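Chemist: Quick one: this structure, given as structure tokens, is what I'll be asking you about.
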Amino acid sequence: MAMAMACLNPLALSPRLAYGGRAAPRRCCSVVVPTSSARAAAGRCRWRLAAVAEEPQAVRQQEQQQRTEGSGEAGAEAAADASSKLVLVVGGTGGVGQLVVASLLSRNIKTRLLLRDPAKAVTLFGEQDESVFQAYKADTRNAAELDPEIFEGVTHVICTTGTTAFPSKRWDGDNTPERVDWDGTRNLVSAMPRTIKRLVLVSSIGVTKYNELPWSIMNLFGVLKYKKMAEDFVQNSGIPFTIIRPGRLTDGPYTSYDLNTLLQATAGERRAVVMGEGDKLVGEASRLVVAEACIQALDIEFTEGQIYEINSVKGEGPGSDPEKWKELFRAVQ
């Protein structure tokens, strides 16, 4: 079995992201956006990175100027890359999805949410200018709701939708694995324009072995079968894809917290990342690690068309360092 493991730095989500007051949104077609007057009344309600204190001494200013000159080209390239993206997150208020959104916002990457209840986005992420963050109301289980407008300008998609493996309160309202993992994913992918640069789908380990013990127990109500059907549909869609198969999810979900709390969430001691292929990996995966893997896969060219299993174990992790993530992804190919 091919496997890679990193023991590096923890996830580095900045806790400095702040936001202004909130104003009631209005509905415009299928999208929820703040009105112009509301934005003005709320001080434009834009996310902003807290300013870094000025260096008080001339020597430090000179050192900072030298560092800036040395890294200016790389910084400009990264900023241009971030500004050119518009990432659609599906399932953005769930356990993994909300961490994906928080991390995208901390990177100043334009983000659009597709979700059934846009009010949840306001609760978690607050109001902000629609040029930076948008929430579209739609239900992937209903193909008719996936209006082409939702995908206008979108360059990348991260799909983190899912439900419980066994009957629970979350199944209320026809929220079963078949409807969410199969119908929802199939409808979403069918509605996507073929201009999408990358689709990252969060699936699960064990999907190729749902008829074998112990996986057959987890699959009693079809969750692994339907996730595998969704994977197959994505692979045959013609859309550039990466599939992430995490182990049993830990850390969270942080569904009752606001953005600042999300940005300060940590994976505790389980920050080291283990990757595998061939559906042979068994274990647990921190939701924070899974969210970071999704974002990193967007920009690593050789992850296109690949499927990765991912776990997290005790130790330091790769954080948000692209080079360390490249090493992890490359090691299992």
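Naming works like this for the structure tokens: A, B, ... for the chains as they're shown, residue 1 at the start of each chain, ligands 1 onward in shown order.
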Excluding same-chain residues fewer than 3 positions from Val189 (chain A), what lies within 10 Å of it counting only C-alpha atoms, as a list in words?

Modeler: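 Neighbouring residues, sequence-local ones excluded: Thr140, Val157, Cys159, Gly184, Thr185, Arg186, Met192, Pro193, Arg194, Leu199, Ala230, Phe233, Val234, Ser237, Gly238 and Ile239 of chain A.
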
Chemist: Skipping near chain neighbours, those fewer than 2 positions away, what residues fall within 12 Å of region 164-169 of chain A using only C-alpha atoms, listed as a PyMOL selection string?

Modeler: chain A and resi 94-95+161-162+171-181+204+215-227+248-249

Chemist: Looking only at the backbone, which of the residues in region 165-327 of chain A does DSSP tag as helix (DSSP H, G or I), as a PyMOL selection string?

Modeler: chain A and resi 169-171+177-191+207-209+215-218+223-235+259-263+287-297+301-303+322-327

Chemist: Between A:Val154, A:Ile205, A:Ala102, A:Val87, which is the closest to Lys280 (chain A) once you count only C-alpha atoms?

Modeler: A:Ile205

Chemist: Once DSSP has gone over the backbone, tell me which residues of region 269-310 of chain A are in strand (DSSP E or B), as a ChimeraX atom specification.

Modeler: /A:270,272-276,284-286,306-310

Chemist: Restricting the calculation to only C-alpha atoms: of A:Arg170, A:Phe302, A:Asp321, A:Pro246, which residue gets closest to Val207 (chain A)?

Modeler: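 Selected residue with least distance to Val207 (chain A): A:Pro246.
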